[in-house]
Structures are given as structure tokens and as C-alpha cells.
Amino acid sequence: MNRLITFVLLMFATAAMAQVDVESIPDWYNNPPTSARKIYAAGTATAPTLDVAEKKATMDAKIQLARQVGQVKYLSKDGESITTEVVKAELRDVRVERKKVISTGNSHTVFVLVSMKKKDMKRES
């Protein structure tokens, strides 16, 4: 019985650390800005180290940006429910516009907003 209680408490503590308070999420993450000159995308990641969380969040934002400017294909093998998403896009001069870090215990959550000038956009065919 003690092991069960310890396990439940450990799971609760782990879940609490992994969650980010909804009020802590920056507005620009859910509603990226719009502009006649730039295209924006937001990404997020959580990792035990800050540098890994930042790199993963930036990569997530770039993937979101690529989805907006590139060609997206979904591939699946016959009879399998696993689908692979392939995005083909050329990203140029991508800049980090905003970043927010939330650290709790041994976990770091990073939100990143990236932009690219629309004139640098090259549609893939």
C-alpha cells in the first residue's frame, strides 16, 4: 500500500512539474502577429536543460513556418495507421522575434516566435 501511495504522489508531482500554467502562455504564441511584410510562426518545447528547450522550440517554430510557406505531403504505408508528414520549404533569414522561458524545478518550457520576410519566401513546387 505504501508503494502505491508513493507511486501516485510521484506521478502527481511529475505531472504538476510538466504542466505550464495556461495564464503563463504568451498571447503571441496562440495568436501570432500578422503583417504585410512578414510571416510569423510560434513554437514551444520542454526539456530538462534550457539550451535544449530553446533549440527544440526554435525548430518547432521553423517547422510551423515551413508548413505555411512550403509544400506539405502526407505519406502512409498501406494498412498502417502511421502517417509521415513531409514538408518541403526553403527558409531564409528566419529571425527570433520573441522568446519566453518558464522554468519549474528541473524542467524548462520555452516559447519562441519567429519571422521571415515575405519577399524572402520561395514557394516550392
# chains A, B, ... in the order shown; residues from 1 in each chain; ligands from 1
$ residues_around --residues "Asp60 in chain A" --least-positions-apart "6" --cutoff "8 Å" --atoms "only C-alpha atoms" --output "PDB file with C-alpha atoms, in the first residue's frame"
ATOM      1  CA  ALA A  42       5.338  30.133 -32.958  1.00  0.00           C
ATOM      2  CA  GLY A  43       6.842  27.045 -31.391  1.00  0.00           C
ATOM      3  CA  THR A  44       7.309  25.542 -27.972  1.00  0.00           C
ATOM      4  CA  ALA A  45       9.293  22.816 -26.259  1.00  0.00           C
TER       5      ALA A  45
END
$ closest_atom_pairs --of "range 15-78 of chain A" --to "range 101-107 of chain A" --cutoff "7 Å" --atoms "only C-alpha atoms" --output "Markdown table"
| residue | atom | partner | partner_atom | distance |
| --- | --- | --- | --- | --- |
| A:Met17 | CA | A:Thr104 | CA | 6.3 |
| A:Thr46 | CA | A:Ser107 | CA | 6.7 |
| A:Ala47 | CA | A:Ser107 | CA | 5.7 |
| A:Pro48 | CA | A:Ser107 | CA | 4.6 |
| A:Thr49 | CA | A:Ser107 | CA | 6.9 |
$ closest_residue --among "A:His108, A:Lys62, A:Lys55, A:Arg92" --to "Met121 in chain A" --atoms "only C-alpha atoms"
A:Arg92
$ closest_residue --among "A:Val110, A:Ala41, A:Ala89, A:Ile25" --to "Leu65 in chain A" --atoms "only C-alpha atoms"
A:Ala41
$ select_by_dssp --residues "range 38-119 of chain A" --states "helix (DSSP H, G or I)" --output "number ranges by chain"
A: 50-69, 118-119
$ write_last_selection --atoms "C-alpha atoms" --output "CSV table (one decimal), in the first residue's frame"
chain,number,residue,atom,x,y,z
A,50,LEU,CA,17.4,25.3,-21.1
A,51,ASP,CA,19.6,25.2,-24.2
A,52,VAL,CA,17.9,22.0,-25.4
A,53,ALA,CA,14.4,23.5,-24.8
A,54,GLU,CA,15.4,26.7,-26.7
A,55,LYS,CA,16.7,24.7,-29.7
A,56,LYS,CA,13.7,22.4,-29.8
A,57,ALA,CA,11.3,25.4,-29.5
A,58,THR,CA,13.1,27.2,-32.3
A,59,MET,CA,13.0,24.1,-34.5
A,60,ASP,CA,9.3,23.7,-33.8
A,61,ALA,CA,8.6,27.3,-34.8
A,62,LYS,CA,10.6,26.8,-38.0
A,63,ILE,CA,8.6,23.7,-38.8
A,64,GLN,CA,5.4,25.7,-38.3
A,65,LEU,CA,6.8,28.4,-40.6
A,66,ALA,CA,7.8,25.8,-43.2
A,67,ARG,CA,4.2,24.5,-43.2
A,68,GLN,CA,2.9,27.9,-44.1
A,69,VAL,CA,5.3,28.6,-46.9
A,118,LYS,CA,7.6,37.6,-47.3
A,119,LYS,CA,10.0,38.8,-50.0
$ select_by_dssp --residues "range 56-119 of chain A" --states "strand (DSSP E)" --output "mmCIF file with C-alpha atoms, in the first residue's frame"
data_model
loop_
_atom_site.group_PDB
_atom_site.id
_atom_site.type_symbol
_atom_site.label_atom_id
_atom_site.label_comp_id
_atom_site.auth_asym_id
_atom_site.auth_seq_id
_atom_site.Cartn_x
_atom_site.Cartn_y
_atom_site.Cartn_z
ATOM 1 C CA GLN A 71 4.560 22.119 -49.736
ATOM 2 C CA VAL A 72 3.170 19.550 -47.301
ATOM 3 C CA LYS A 73 2.714 15.882 -48.185
ATOM 4 C CA TYR A 74 1.346 13.106 -46.014
ATOM 5 C CA LEU A 75 2.714 9.644 -46.611
ATOM 6 C CA SER A 76 1.412 6.413 -45.131
ATOM 7 C CA THR A 83 1.370 8.827 -41.280
ATOM 8 C CA THR A 84 4.546 10.725 -42.064
ATOM 9 C CA GLU A 85 4.379 14.427 -42.773
ATOM 10 C CA VAL A 86 6.931 15.737 -45.262
ATOM 11 C CA VAL A 87 7.365 19.496 -45.550
ATOM 12 C CA LYS A 88 9.454 20.931 -48.357
ATOM 13 C CA ARG A 95 14.654 35.619 -37.019
ATOM 14 C CA VAL A 96 13.590 35.013 -33.437
ATOM 15 C CA GLU A 97 11.264 37.903 -32.597
ATOM 16 C CA ARG A 98 10.152 36.913 -29.086
ATOM 17 C CA LYS A 99 11.034 34.286 -26.518
ATOM 18 C CA LYS A 100 9.568 33.360 -23.149
ATOM 19 C CA VAL A 101 11.085 30.881 -20.704
ATOM 20 C CA ILE A 102 9.212 29.211 -17.865
ATOM 21 C CA SER A 103 11.402 27.170 -15.512
ATOM 22 C CA THR A 104 9.997 24.921 -12.814
ATOM 23 C CA SER A 107 12.039 21.469 -16.419
ATOM 24 C CA HIS A 108 12.278 24.407 -18.804
ATOM 25 C CA THR A 109 9.499 25.354 -21.217
ATOM 26 C CA VAL A 110 10.369 27.798 -23.962
ATOM 27 C CA PHE A 111 8.003 29.645 -26.285
ATOM 28 C CA VAL A 112 9.524 31.174 -29.435
ATOM 29 C CA LEU A 113 8.086 33.468 -32.098
ATOM 30 C CA VAL A 114 9.977 33.526 -35.406
ATOM 31 C CA SER A 115 9.523 35.607 -38.539
ATOM 32 C CA MET A 116 10.625 35.664 -42.138
ATOM 33 C CA LYS A 117 10.220 38.443 -44.669
#
$ atom_distance --atom1 "CA of Gly70 in chain A" --atom2 "CA of Asp27 in chain A"
25.4 Å
